[in-house]
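Colleague: Quick one: the structure is below, and I'll ask about it shortly.
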Amino acid sequence: MAYFQMSRLALKWVFAKPVTSRYPFEPRQAIAGSRGRLVFTRDTCVYCTVCAKKCPTGALVVNRAQKRWTIDRLLCITCGYCVEACPKESLELTTDHGSPTVTKDREFC
Amino acid sequence: MPALRDWGMPALVTLPMSRTIIPFGPQHPVLPEPVHLDLVVEDEKVIEARPSIGFVHRGLEKLVEKKDYVEFVYIAERICGICSFIPGPTYCQAIEALMNIPVPPRAHYLRTVWGELSRIHSHLLWLGLMADAVGFESLFMHSWRVREKVLNIIEATTGGRVIFGSCKIGGVRRDIGADAIRQMLADLKKIEQDTRDITRVFLDDSSVKDRLCGVGVLSRQDAYELGCVGPMLRASGVAQDMRQLGYAAFKDLDFEPITRTEGDSYARCAARCQEIFQSIDLIRQALGKIPDGEIAVKVTGNPNGEFMARTEQPRGEVAYCIKANGTKNLQRFRVRTPTFANLPAMLKLLPGCDLADVPVLVLTIDPCISCTER
Amino acid sequence: MTPISQEQTLELIPVDKLLERVQAMHQQGYRLVQISATRLPDKLELTYSFALEGRVAQLRLHLVDDVPCVPSISSIYWCAFLYENEIHDLFNLAVEGMAVDFKGTLYKTAVKYPFGSTKPPVAKAGTATATSAASTPAPVPPPPSATANTR
Ligand code: SF4
Ligand code: SF4
């Protein structure tokens, strides 16, 4: 039985820099390759509705007649299926994770 | 006289005056998930324990009737949030076996690497919760500090921190490049070093050992008979690890199931500590041997038939029974999660223990209630 | 590492042979992996899976609706009581002589026996709009899985 096993670890961290960051003041460093917020490019979209059909949660609704692409951000699980399906590469997942919201509005683009 | 729900057990209808019922859960500081136990205690000793689960039953199994089998992968991945990668490949494995899909070898290796990463992260999370249950807060934070590094590797390679979302039927959705592999190996070295510092405290420190040694001894015979799985079974001396079935890339990798003989809480803790190093070693082997090539094949047609896929999750063996009838929707999807198999053993361990040891005992089975209730 | 050998067998047995066969499994050292039920249009199908290392042996019962209940195997495999209670709570099948009988309180679902319906599986449900769901209340409460899906 050994005593004071923790003290080594504790001592080391007395002098080391904290691993946590002061979050709201110091933004999180995005990790390359992370699946984050879905970004839509209106210029290339042809409103084919393929992305809306592929979306597993029904977050996307595309209206071909009105040329309208909408997303419910809170439903989106950032899976990337729509990105893979889009024939025009209008969709992209960025590494940033968006900001909190207080309403559940759909976002119109 | 405290009233207990009547489950038709005569012993409980009239309690002797010296006995009390102490409710444990559904919200309890050591367990973020809802499980409820009615503990019948006499003085400080637990005489009987009655579980009730089902607070978060989600009916995921029923969802196969709504989602087609290709889409269902992402639901399978969401069965559990801690061992969140392995359900995906297990489900895919069952479908691939039914449809005879030749999965490219590189995809097998990538699945193995991610599976082992999720095992490391799950075990580190468990070590943290364990430290918390024995009242060692700083150790808890150190465990989770190391876990954060694993999560960063996972996020960089798959894109998700908890839900990987990188597995699909016929292969995987993302490749890991050579640079990322080098980076991962470098990070793993640091993780191994840090884990060594932490596990030394878990395995040698007197205050942790006081809480774990000799608590909740499960004999080899009992562990086998009660259908225990995973580290719980191996800590009692049964060398059974579903990775021995050689699914994914495990047939090409070298490893022995980690067993302990004591069968107490300390043995279960030690088994999990050793499994972290085993997983690091397996990842190194896999990344050393990883073949080049395709990462996915195209899938056409619908599955037909029945298959039971068994894989090893961090908590133990998981069994996915799939019954398909040649349509897009599966007929039945049944998951037997490891915690479900370990619950009877927990109920056997509780009678006779001290009330203060109940959180430790509940935690040593590494309960994941959400995946138990699917 | 050489993988351990795998095989899966499935055998249809009558209800009255169940205990006998399960006892034989137990004597051969098989462990209980799971018990699952499947609701088919005309019957309820019960599958008992046992495993010995890589070998999986499954016993299957077909219960036509006039079979009132099945005997519990928890006298042979004690741990079976959880599976049996689960099947009782989800599929409304009476299991006789369970070692621990929760009397239907293991799962607290909003709908009783949520998996017990005999409706054939439906194809992917169309996206119901919020307005139509609010104005015309559905005659039957949707199963919990349905609410989980549309949430
Ligand atoms: S799939 Fe691409 S092009 Fe088609 S509607 Fe969606 S975003 Fe536009
Ligand atoms: S990322 Fe996934 S959930 Fe989000 S909009 Fe695209 S398909 Fe739908």
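Ordering of the structure tokens sets the chain letters (A, B, ...); residue numbers start at 1 within each chain; ligands are numbered from 1 in the order shown.
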Identify, on the basis of only C-alpha atoms, every residue whose closest approach to Ser34 of chain A does not exceed 10 Å; exclude the query and any residue fewer than 6 positions from it along the same chain; express the result as a list in words.

Modeller: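 Returned residues: Thr78, Leu93, Thr94, Thr95, Asp96 and His97 of chain A; Asn152, Ile154, Glu155, Ala156, Thr157, Thr158, Gly159, Gly160 and Arg161 of chain B.
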
Colleague: Could you please extract the residues within 12 Å of ligand 1, counting only C-alpha atoms and all ligand atoms, and hand them back as a PyMOL selection string?

Modeller: chain A and resi 38-55+59-71+80-92+109

Colleague: Please identify all polymer residues within 10 Å of Tyr77 of chain C, counting only C-alpha atoms, omitting same-chain residues fewer than 2 positions from it, and present them as a ChimeraX atom specification.

Modeller: /B:225-227 /C:22-23,26,31-32,72-75,79-81,99

Colleague: For the residues in the current selection, export N, CA, C and O atoms as a short mmCIF file (atom, residue, chain, number, x, y, z; two decimals), in the first residue's frame.

Modeller:
data_model
loop_
_atom_site.label_atom_id
_atom_site.label_comp_id
_atom_site.auth_asym_id
_atom_site.auth_seq_id
_atom_site.Cartn_x
_atom_site.Cartn_y
_atom_site.Cartn_z
N GLU B 225 -22.53 -17.40 -14.39
CA GLU B 225 -23.94 -17.79 -14.34
C GLU B 225 -24.89 -16.61 -14.53
O GLU B 225 -25.94 -16.74 -15.13
N LEU B 226 -24.50 -15.46 -13.96
CA LEU B 226 -25.41 -14.31 -14.01
C LEU B 226 -25.34 -13.59 -15.35
O LEU B 226 -25.98 -12.57 -15.52
N GLY B 227 -24.54 -14.09 -16.25
CA GLY B 227 -24.50 -13.49 -17.58
C GLY B 227 -23.77 -12.17 -17.62
O GLY B 227 -24.09 -11.32 -18.46
N VAL C 22 -34.04 -25.52 -22.56
CA VAL C 22 -33.23 -24.51 -21.89
C VAL C 22 -32.37 -25.17 -20.81
O VAL C 22 -31.20 -24.84 -20.64
N GLN C 23 -32.96 -26.14 -20.12
CA GLN C 23 -32.20 -26.88 -19.11
C GLN C 23 -31.00 -27.57 -19.75
O GLN C 23 -29.88 -27.53 -19.22
N HIS C 26 -28.32 -25.11 -20.43
CA HIS C 26 -27.64 -24.73 -19.20
C HIS C 26 -26.61 -25.77 -18.82
O HIS C 26 -25.50 -25.44 -18.40
N ARG C 31 -24.44 -19.66 -21.99
CA ARG C 31 -24.89 -18.50 -21.23
C ARG C 31 -26.04 -17.85 -21.99
O ARG C 31 -26.06 -17.86 -23.21
N LEU C 32 -26.93 -17.24 -21.23
CA LEU C 32 -28.06 -16.56 -21.86
C LEU C 32 -27.58 -15.22 -22.40
O LEU C 32 -26.99 -14.43 -21.67
N SER C 72 -41.61 -19.10 -17.42
CA SER C 72 -40.38 -18.32 -17.24
C SER C 72 -39.19 -19.26 -17.17
O SER C 72 -39.29 -20.37 -16.64
N ILE C 73 -38.05 -18.83 -17.71
CA ILE C 73 -36.86 -19.66 -17.59
C ILE C 73 -35.96 -19.14 -16.48
O ILE C 73 -34.82 -19.53 -16.35
N SER C 74 -36.51 -18.23 -15.64
CA SER C 74 -35.62 -17.63 -14.63
C SER C 74 -35.31 -18.60 -13.50
O SER C 74 -34.46 -18.30 -12.66
N SER C 75 -35.96 -19.77 -13.47
CA SER C 75 -35.54 -20.75 -12.48
C SER C 75 -34.25 -21.43 -12.93
O SER C 75 -33.50 -21.97 -12.12
N CYS C 79 -30.87 -14.63 -14.37
CA CYS C 79 -30.80 -13.30 -14.97
C CYS C 79 -31.89 -13.09 -16.03
O CYS C 79 -32.07 -11.96 -16.50
N ALA C 80 -32.62 -14.13 -16.38
CA ALA C 80 -33.64 -13.98 -17.43
C ALA C 80 -34.81 -13.12 -16.99
O ALA C 80 -35.58 -12.66 -17.83
N PHE C 81 -34.93 -12.89 -15.66
CA PHE C 81 -36.13 -12.17 -15.22
C PHE C 81 -36.21 -10.77 -15.82
O PHE C 81 -37.31 -10.29 -16.10
N ALA C 99 -38.62 -15.02 -11.54
CA ALA C 99 -37.94 -14.97 -10.25
C ALA C 99 -38.23 -13.66 -9.53
O ALA C 99 -38.45 -13.63 -8.34
#

Colleague: Considering only C-alpha atoms, return as number ranges by chain whatever protein or nucleic-acid residues lie within 8 Å of Gly171 of chain B, sequence-local ones (same chain, fewer than 5 positions apart) excluded.

Modeller: B: 103-104, 107-108, 295-297

Colleague: Please produce a file of the residues just selected, as a PDB file, in the first residue's frame, where the atoms kept are all heavy atoms.

Modeller:
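Dumped everything to result-v5.pdb:
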ATOM      1  N   VAL B 103     -16.691  -5.354 -47.198  1.00  0.00           N
ATOM      2  CA  VAL B 103     -16.206  -4.079 -46.664  1.00  0.00           C
ATOM      3  C   VAL B 103     -14.708  -3.984 -46.924  1.00  0.00           C
ATOM      4  O   VAL B 103     -13.978  -4.936 -46.682  1.00  0.00           O
ATOM      5  CB  VAL B 103     -16.495  -3.999 -45.153  1.00  0.00           C
ATOM      6  CG1 VAL B 103     -16.013  -2.693 -44.582  1.00  0.00           C
ATOM      7  CG2 VAL B 103     -17.966  -4.177 -44.897  1.00  0.00           C
ATOM      8  N   PRO B 104     -14.255  -2.844 -47.449  1.00  0.00           N
ATOM      9  CA  PRO B 104     -12.820  -2.717 -47.733  1.00  0.00           C
ATOM     10  C   PRO B 104     -12.003  -2.808 -46.452  1.00  0.00           C
ATOM     11  O   PRO B 104     -12.436  -2.343 -45.392  1.00  0.00           O
ATOM     12  CB  PRO B 104     -12.698  -1.319 -48.347  1.00  0.00           C
ATOM     13  CG  PRO B 104     -14.066  -0.829 -48.574  1.00  0.00           C
ATOM     14  CD  PRO B 104     -15.007  -1.650 -47.795  1.00  0.00           C
ATOM     15  N   ALA B 107     -11.464   0.282 -44.293  1.00  0.00           N
ATOM     16  CA  ALA B 107     -12.615   0.674 -43.477  1.00  0.00           C
ATOM     17  C   ALA B 107     -12.647  -0.129 -42.184  1.00  0.00           C
ATOM     18  O   ALA B 107     -12.936   0.408 -41.114  1.00  0.00           O
ATOM     19  CB  ALA B 107     -13.905   0.457 -44.266  1.00  0.00           C
ATOM     20  N   HIS B 108     -12.311  -1.417 -42.280  1.00  0.00           N
ATOM     21  CA  HIS B 108     -12.263  -2.241 -41.072  1.00  0.00           C
ATOM     22  C   HIS B 108     -11.266  -1.674 -40.076  1.00  0.00           C
ATOM     23  O   HIS B 108     -11.523  -1.603 -38.877  1.00  0.00           O
ATOM     24  CB  HIS B 108     -11.841  -3.660 -41.438  1.00  0.00           C
ATOM     25  CG  HIS B 108     -12.988  -4.537 -41.840  1.00  0.00           C
ATOM     26  ND1 HIS B 108     -14.201  -4.484 -41.205  1.00  0.00           N
ATOM     27  CD2 HIS B 108     -13.105  -5.487 -42.793  1.00  0.00           C
ATOM     28  CE1 HIS B 108     -15.016  -5.376 -41.754  1.00  0.00           C
ATOM     29  NE2 HIS B 108     -14.382  -5.989 -42.725  1.00  0.00           N
ATOM     30  N   ILE B 295     -12.431   3.246 -48.919  1.00  0.00           N
ATOM     31  CA  ILE B 295     -12.975   3.221 -47.565  1.00  0.00           C
ATOM     32  C   ILE B 295     -14.442   2.832 -47.540  1.00  0.00           C
ATOM     33  O   ILE B 295     -15.008   2.657 -46.471  1.00  0.00           O
ATOM     34  CB  ILE B 295     -12.778   4.565 -46.836  1.00  0.00           C
ATOM     35  CG1 ILE B 295     -13.361   5.710 -47.655  1.00  0.00           C
ATOM     36  CG2 ILE B 295     -11.320   4.808 -46.505  1.00  0.00           C
ATOM     37  CD1 ILE B 295     -13.550   6.950 -46.844  1.00  0.00           C
ATOM     38  N   ALA B 296     -15.064   2.704 -48.681  1.00  0.00           N
ATOM     39  CA  ALA B 296     -16.472   2.298 -48.668  1.00  0.00           C
ATOM     40  C   ALA B 296     -16.827   1.669 -50.008  1.00  0.00           C
ATOM     41  O   ALA B 296     -16.219   1.971 -51.030  1.00  0.00           O
ATOM     42  CB  ALA B 296     -17.373   3.496 -48.402  1.00  0.00           C
ATOM     43  N   VAL B 297     -17.814   0.792 -49.973  1.00  0.00           N
ATOM     44  CA  VAL B 297     -18.357   0.257 -51.224  1.00  0.00           C
ATOM     45  C   VAL B 297     -19.807   0.681 -51.332  1.00  0.00           C
ATOM     46  O   VAL B 297     -20.446   1.021 -50.343  1.00  0.00           O
ATOM     47  CB  VAL B 297     -18.258  -1.282 -51.288  1.00  0.00           C
ATOM     48  CG1 VAL B 297     -16.825  -1.722 -51.399  1.00  0.00           C
ATOM     49  CG2 VAL B 297     -18.941  -1.918 -50.097  1.00  0.00           C
TER      50      VAL B 297
END

Colleague: Report the distance between atom CA of Glu53 of chain C and atom CA of Val335 of chain B in Å, rounded to one decimal place.

Modeller: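 Interatomic distance here is 18.8 Å.
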
Colleague: Select, as a PyMOL selection string, those residues of chain B with any atom no more than 6 Å from chain C (distances computed using only C-alpha atoms).

Modeller: chain B and resi 7+52-54+59+65-67+226+244-246+251+253-254+344

Colleague: Taking the DSSP assignment computed from this structure's backbone, write out as number ranges by chain all residues of segment 67-304 of chain B that belong to alpha helix (DSSP H).

Modeller: B: 73-77, 87-99, 105-133, 137-158, 178-204, 206-212, 220-225, 231-234, 265-289

Colleague: Would you list which chain B residues are within 10 Å of chain A using only C-alpha atoms, as an NGL selection string?

Modeller: :B and (67 or 71-72 or 74-75 or 138-139 or 142 or 145 or 148 or 152-161 or 163-166 or 173 or 194 or 197-198 or 200-207 or 209-210)

Colleague: Could you save those same residues with N, CA, C and O atoms as a short mmCIF file (atom, residue, chain, number, x, y, z; two decimals), in the first residue's frame?

Modeller:
data_model
loop_
_atom_site.label_atom_id
_atom_site.label_comp_id
_atom_site.auth_asym_id
_atom_site.auth_seq_id
_atom_site.Cartn_x
_atom_site.Cartn_y
_atom_site.Cartn_z
N LYS B 67 -37.74 4.26 -40.19
CA LYS B 67 -36.54 4.68 -40.92
C LYS B 67 -36.06 3.51 -41.76
O LYS B 67 -36.11 2.37 -41.31
N GLU B 71 -30.65 4.68 -43.33
CA GLU B 71 -30.76 5.83 -42.43
C GLU B 71 -30.61 5.43 -40.98
O GLU B 71 -30.27 6.25 -40.15
N PHE B 72 -30.90 4.16 -40.68
CA PHE B 72 -30.97 3.78 -39.28
C PHE B 72 -29.61 3.81 -38.60
O PHE B 72 -29.53 3.83 -37.38
N TYR B 74 -27.55 6.16 -38.16
CA TYR B 74 -27.33 7.28 -37.25
C TYR B 74 -28.20 7.19 -36.01
O TYR B 74 -27.90 7.81 -35.00
N ILE B 75 -29.27 6.38 -36.06
CA ILE B 75 -30.03 6.16 -34.83
C ILE B 75 -29.30 5.15 -33.96
O ILE B 75 -29.19 5.32 -32.75
N SER B 138 -10.23 15.73 -7.07
CA SER B 138 -9.16 16.19 -7.97
C SER B 138 -8.76 15.10 -8.95
O SER B 138 -8.42 15.37 -10.10
N LEU B 139 -8.86 13.85 -8.49
CA LEU B 139 -8.55 12.75 -9.40
C LEU B 139 -9.58 12.68 -10.52
O LEU B 139 -9.26 12.41 -11.67
N HIS B 142 -8.65 15.17 -13.07
CA HIS B 142 -7.50 14.77 -13.88
C HIS B 142 -7.90 13.72 -14.91
O HIS B 142 -7.41 13.75 -16.04
N ARG B 145 -9.50 15.45 -17.64
CA ARG B 145 -8.55 16.27 -18.40
C ARG B 145 -7.93 15.42 -19.50
O ARG B 145 -7.82 15.84 -20.66
N GLU B 148 -10.32 14.63 -22.32
CA GLU B 148 -10.49 15.73 -23.25
C GLU B 148 -9.54 15.61 -24.44
O GLU B 148 -9.91 15.89 -25.58
N ASN B 152 -10.44 15.31 -28.37
CA ASN B 152 -9.90 16.17 -29.42
C ASN B 152 -9.42 15.35 -30.61
O ASN B 152 -9.62 15.76 -31.75
N ILE B 153 -8.79 14.21 -30.34
CA ILE B 153 -8.37 13.35 -31.46
C ILE B 153 -9.62 12.92 -32.23
O ILE B 153 -9.66 12.96 -33.46
N ILE B 154 -10.64 12.53 -31.48
CA ILE B 154 -11.86 12.05 -32.12
C ILE B 154 -12.47 13.17 -32.97
O ILE B 154 -12.88 12.94 -34.11
N GLU B 155 -12.51 14.36 -32.43
CA GLU B 155 -13.12 15.46 -33.18
C GLU B 155 -12.31 15.77 -34.44
O GLU B 155 -12.88 16.03 -35.50
N ALA B 156 -11.00 15.70 -34.33
CA ALA B 156 -10.18 16.02 -35.49
C ALA B 156 -10.31 14.96 -36.58
O ALA B 156 -10.22 15.27 -37.76
N THR B 157 -10.54 13.69 -36.19
CA THR B 157 -10.55 12.66 -37.22
C THR B 157 -11.96 12.34 -37.73
O THR B 157 -12.11 11.93 -38.87
N THR B 158 -12.97 12.48 -36.87
CA THR B 158 -14.32 12.13 -37.36
C THR B 158 -15.21 13.34 -37.52
O THR B 158 -16.19 13.29 -38.24
N GLY B 159 -14.92 14.41 -36.81
CA GLY B 159 -15.76 15.59 -36.91
C GLY B 159 -16.72 15.75 -35.75
O GLY B 159 -17.27 16.81 -35.55
N GLY B 160 -16.94 14.69 -34.99
CA GLY B 160 -17.84 14.79 -33.85
C GLY B 160 -17.08 14.46 -32.58
O GLY B 160 -16.10 13.72 -32.62
N ARG B 161 -17.53 15.02 -31.47
CA ARG B 161 -16.84 14.71 -30.22
C ARG B 161 -17.48 13.52 -29.53
O ARG B 161 -16.79 12.66 -28.99
N ILE B 163 -20.88 11.99 -30.72
CA ILE B 163 -21.45 11.17 -31.78
C ILE B 163 -20.50 11.28 -32.97
O ILE B 163 -20.38 12.34 -33.57
N PHE B 164 -19.84 10.19 -33.28
CA PHE B 164 -18.80 10.26 -34.31
C PHE B 164 -19.41 10.46 -35.69
O PHE B 164 -18.90 11.19 -36.51
N GLY B 165 -20.49 9.72 -35.96
CA GLY B 165 -21.16 9.83 -37.25
C GLY B 165 -20.28 9.51 -38.43
O GLY B 165 -20.44 10.09 -39.49
N SER B 166 -19.34 8.59 -38.26
CA SER B 166 -18.42 8.36 -39.36
C SER B 166 -18.53 6.96 -39.94
O SER B 166 -17.73 6.57 -40.76
N ARG B 173 -17.27 6.87 -43.52
CA ARG B 173 -17.54 8.10 -44.28
C ARG B 173 -16.33 9.00 -44.39
O ARG B 173 -16.35 9.97 -45.14
N ASP B 194 0.03 10.45 -19.46
CA ASP B 194 -0.90 11.03 -18.49
C ASP B 194 -1.74 9.95 -17.80
O ASP B 194 -2.00 10.01 -16.60
N ASP B 197 0.11 8.25 -15.06
CA ASP B 197 0.13 9.02 -13.81
C ASP B 197 -1.16 8.82 -13.03
O ASP B 197 -1.15 8.69 -11.81
N ILE B 198 -2.27 8.81 -13.76
CA ILE B 198 -3.57 8.73 -13.08
C ILE B 198 -3.83 7.33 -12.56
O ILE B 198 -4.24 7.15 -11.41
N ARG B 200 -1.81 5.17 -11.68
CA ARG B 200 -0.98 4.87 -10.53
C ARG B 200 -1.73 5.24 -9.25
O ARG B 200 -1.70 4.51 -8.27
N VAL B 201 -2.41 6.36 -9.28
CA VAL B 201 -3.16 6.76 -8.09
C VAL B 201 -4.31 5.78 -7.84
O VAL B 201 -4.54 5.34 -6.72
N PHE B 202 -5.02 5.40 -8.91
CA PHE B 202 -6.15 4.49 -8.72
C PHE B 202 -5.70 3.15 -8.16
O PHE B 202 -6.38 2.56 -7.34
N LEU B 203 -4.56 2.66 -8.65
CA LEU B 203 -4.19 1.29 -8.32
C LEU B 203 -3.35 1.20 -7.06
O LEU B 203 -3.32 0.15 -6.43
N ASP B 204 -2.63 2.26 -6.68
CA ASP B 204 -1.73 2.14 -5.54
C ASP B 204 -2.14 2.97 -4.33
O ASP B 204 -1.76 2.65 -3.22
N ASP B 205 -2.89 4.04 -4.55
CA ASP B 205 -3.11 4.94 -3.43
C ASP B 205 -3.96 4.29 -2.34
O ASP B 205 -4.97 3.64 -2.63
N SER B 206 -3.53 4.49 -1.12
CA SER B 206 -4.20 3.79 -0.01
C SER B 206 -5.64 4.22 0.14
O SER B 206 -6.52 3.41 0.41
N SER B 207 -5.91 5.51 -0.05
CA SER B 207 -7.28 5.96 0.20
C SER B 207 -8.25 5.41 -0.84
O SER B 207 -9.40 5.11 -0.53
N LYS B 209 -7.72 2.56 -2.51
CA LYS B 209 -7.78 1.11 -2.27
C LYS B 209 -8.70 0.77 -1.10
O LYS B 209 -9.40 -0.23 -1.12
N ASP B 210 -8.69 1.63 -0.08
CA ASP B 210 -9.56 1.38 1.07
C ASP B 210 -11.02 1.29 0.65
O ASP B 210 -11.80 0.54 1.22
#

Colleague: Could you pull the residues within 12 Å of Glu312 of chain B, counting only C-alpha atoms, minus those fewer than 3 positions along the same chain, as an MDAnalysis selection string?

Modeller: chainID B and resid 83 85:87 89:90 112 115:116 118:119 229:231 240:248 250 257 309 315:320 336:338

Colleague: Taking only residues of chain A that have an atom at most 10 Å from an atom of chain C, what is each one's shortest atom pair and its distance in Å to one decimal, using only C-alpha atoms, in chain and number order, as JSON lines?

Modeller:
{"residue": "A:Thr57", "atom": "CA", "partner": "C:Asn149", "partner_atom": "CA", "distance": 8.2}
{"residue": "A:Gly58", "atom": "CA", "partner": "C:Thr127", "partner_atom": "CA", "distance": 8.0}
{"residue": "A:Leu75", "atom": "CA", "partner": "C:Arg151", "partner_atom": "CA", "distance": 8.7}

Colleague: Taking 4 positions as the minimum chain separation for residues in the same chain, which residues sit within 10 Å of Cys371 of chain B when counting only C-alpha atoms? Answer as a PyMOL selection string.

Modeller: chain B and resi 56-58+60+78-84+335-340+367

Colleague: Could you pull out the strand (DSSP E) residues of segment 104-216 of chain B from DSSP and send them as a list in words?

Modeller: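 Those residues are Cys167, Lys168, Gly171 and Val172 of chain B.
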
Colleague: How about saving the chosen residues, C-alpha atoms kept, as a tab-separated table (two decimals), in the first residue's frame?

Modeller:
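Written out: result28.tsv:
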chain	number	residue	atom	x	y	z
B	167	CYS	CA	-19.66	4.85	-40.00
B	168	LYS	CA	-21.99	3.78	-42.75
B	171	GLY	CA	-17.56	1.22	-44.98
B	172	VAL	CA	-16.81	4.51	-43.31

Colleague: Might you pull out every residue within 10 Å of segment 37-41 of chain B, with only C-alpha atoms counted and same-chain residues fewer than 6 positions away left off, and present them as a PyMOL selection string?

Modeller: chain B and resi 4-5+12+15+18-26+47-53+347+350-355+358+362

Colleague: Store the residues picked out above, limited to N, CA and C atoms, as an mmCIF file, in the first residue's frame.

Modeller:
data_model
loop_
_atom_site.group_PDB
_atom_site.id
_atom_site.type_symbol
_atom_site.label_atom_id
_atom_site.label_comp_id
_atom_site.auth_asym_id
_atom_site.auth_seq_id
_atom_site.Cartn_x
_atom_site.Cartn_y
_atom_site.Cartn_z
ATOM 1 N N LEU B 4 -43.767 0.253 0.271
ATOM 2 C CA LEU B 4 -42.994 -0.046 -0.926
ATOM 3 C C LEU B 4 -43.973 -0.511 -1.972
ATOM 4 N N ARG B 5 -43.664 -0.231 -3.219
ATOM 5 C CA ARG B 5 -44.530 -0.731 -4.272
ATOM 6 C C ARG B 5 -44.642 -2.234 -4.138
ATOM 7 N N LEU B 12 -41.532 -8.212 1.780
ATOM 8 C CA LEU B 12 -41.470 -6.772 1.898
ATOM 9 C C LEU B 12 -42.749 -6.140 2.421
ATOM 10 N N LEU B 15 -42.412 -5.031 7.108
ATOM 11 C CA LEU B 15 -40.995 -4.861 7.420
ATOM 12 C C LEU B 15 -40.828 -4.896 8.931
ATOM 13 N N SER B 18 -36.743 -2.785 12.698
ATOM 14 C CA SER B 18 -35.353 -2.346 12.595
ATOM 15 C C SER B 18 -34.963 -2.001 11.159
ATOM 16 N N ARG B 19 -35.844 -2.278 10.213
ATOM 17 C CA ARG B 19 -35.467 -2.055 8.813
ATOM 18 C C ARG B 19 -36.095 -0.791 8.260
ATOM 19 N N THR B 20 -35.384 -0.170 7.359
ATOM 20 C CA THR B 20 -35.867 1.045 6.712
ATOM 21 C C THR B 20 -35.652 0.889 5.223
ATOM 22 N N ILE B 21 -36.397 1.654 4.482
ATOM 23 C CA ILE B 21 -36.147 1.660 3.047
ATOM 24 C C ILE B 21 -35.545 3.002 2.677
ATOM 25 N N ILE B 22 -34.403 2.945 2.031
ATOM 26 C CA ILE B 22 -33.768 4.182 1.595
ATOM 27 C C ILE B 22 -33.820 4.221 0.079
ATOM 28 N N PRO B 23 -34.454 5.229 -0.488
ATOM 29 C CA PRO B 23 -34.471 5.306 -1.947
ATOM 30 C C PRO B 23 -33.136 5.842 -2.465
ATOM 31 N N PHE B 24 -32.637 5.206 -3.503
ATOM 32 C CA PHE B 24 -31.385 5.630 -4.138
ATOM 33 C C PHE B 24 -31.759 6.018 -5.561
ATOM 34 N N GLY B 25 -31.550 7.257 -5.913
ATOM 35 C CA GLY B 25 -31.943 7.699 -7.253
ATOM 36 C C GLY B 25 -33.408 8.051 -7.292
ATOM 37 N N PRO B 26 -34.018 8.286 -8.450
ATOM 38 C CA PRO B 26 -33.437 8.305 -9.791
ATOM 39 C C PRO B 26 -32.404 9.408 -10.019
ATOM 40 N N ILE B 47 -29.973 -4.979 3.038
ATOM 41 C CA ILE B 47 -30.489 -6.346 3.091
ATOM 42 C C ILE B 47 -30.991 -6.754 1.715
ATOM 43 N N GLU B 48 -31.603 -5.807 1.035
ATOM 44 C CA GLU B 48 -32.229 -6.140 -0.229
ATOM 45 C C GLU B 48 -32.220 -4.907 -1.121
ATOM 46 N N ALA B 49 -32.143 -5.116 -2.404
ATOM 47 C CA ALA B 49 -32.188 -3.982 -3.326
ATOM 48 C C ALA B 49 -33.158 -4.299 -4.434
ATOM 49 N N ARG B 50 -34.006 -3.337 -4.746
ATOM 50 C CA ARG B 50 -34.969 -3.510 -5.820
ATOM 51 C C ARG B 50 -34.735 -2.431 -6.857
ATOM 52 N N PRO B 51 -34.498 -2.789 -8.071
ATOM 53 C CA PRO B 51 -34.259 -1.744 -9.066
ATOM 54 C C PRO B 51 -35.562 -1.311 -9.700
ATOM 55 N N SER B 52 -35.618 -0.110 -10.180
ATOM 56 C CA SER B 52 -36.631 0.162 -11.189
ATOM 57 C C SER B 52 -36.004 1.083 -12.218
ATOM 58 N N ILE B 53 -36.089 0.655 -13.430
ATOM 59 C CA ILE B 53 -35.520 1.436 -14.519
ATOM 60 C C ILE B 53 -36.673 1.858 -15.403
ATOM 61 N N LEU B 347 -27.491 -6.559 -8.663
ATOM 62 C CA LEU B 347 -28.506 -6.856 -7.652
ATOM 63 C C LEU B 347 -28.040 -7.952 -6.708
ATOM 64 N N LEU B 350 -25.386 -6.173 -4.154
ATOM 65 C CA LEU B 350 -25.797 -5.161 -3.177
ATOM 66 C C LEU B 350 -26.168 -5.730 -1.801
ATOM 67 N N PRO B 351 -26.955 -6.809 -1.709
ATOM 68 C CA PRO B 351 -27.296 -7.273 -0.371
ATOM 69 C C PRO B 351 -26.042 -7.633 0.422
ATOM 70 N N GLY B 352 -25.964 -7.112 1.637
ATOM 71 C CA GLY B 352 -24.814 -7.407 2.479
ATOM 72 C C GLY B 352 -23.758 -6.323 2.491
ATOM 73 N N CYS B 353 -23.869 -5.341 1.580
ATOM 74 C CA CYS B 353 -22.835 -4.307 1.572
ATOM 75 C C CYS B 353 -23.253 -3.150 2.475
ATOM 76 N N ASP B 354 -22.302 -2.264 2.754
ATOM 77 C CA ASP B 354 -22.607 -1.079 3.548
ATOM 78 C C ASP B 354 -23.336 -0.064 2.685
ATOM 79 N N LEU B 355 -24.161 0.730 3.324
ATOM 80 C CA LEU B 355 -24.904 1.737 2.569
ATOM 81 C C LEU B 355 -23.948 2.685 1.844
ATOM 82 N N VAL B 358 -22.780 1.592 -1.620
ATOM 83 C CA VAL B 358 -23.734 1.402 -2.717
ATOM 84 C C VAL B 358 -23.331 2.199 -3.966
ATOM 85 N N VAL B 362 -22.679 0.399 -7.490
ATOM 86 C CA VAL B 362 -23.486 0.704 -8.670
ATOM 87 C C VAL B 362 -22.559 1.143 -9.802
#
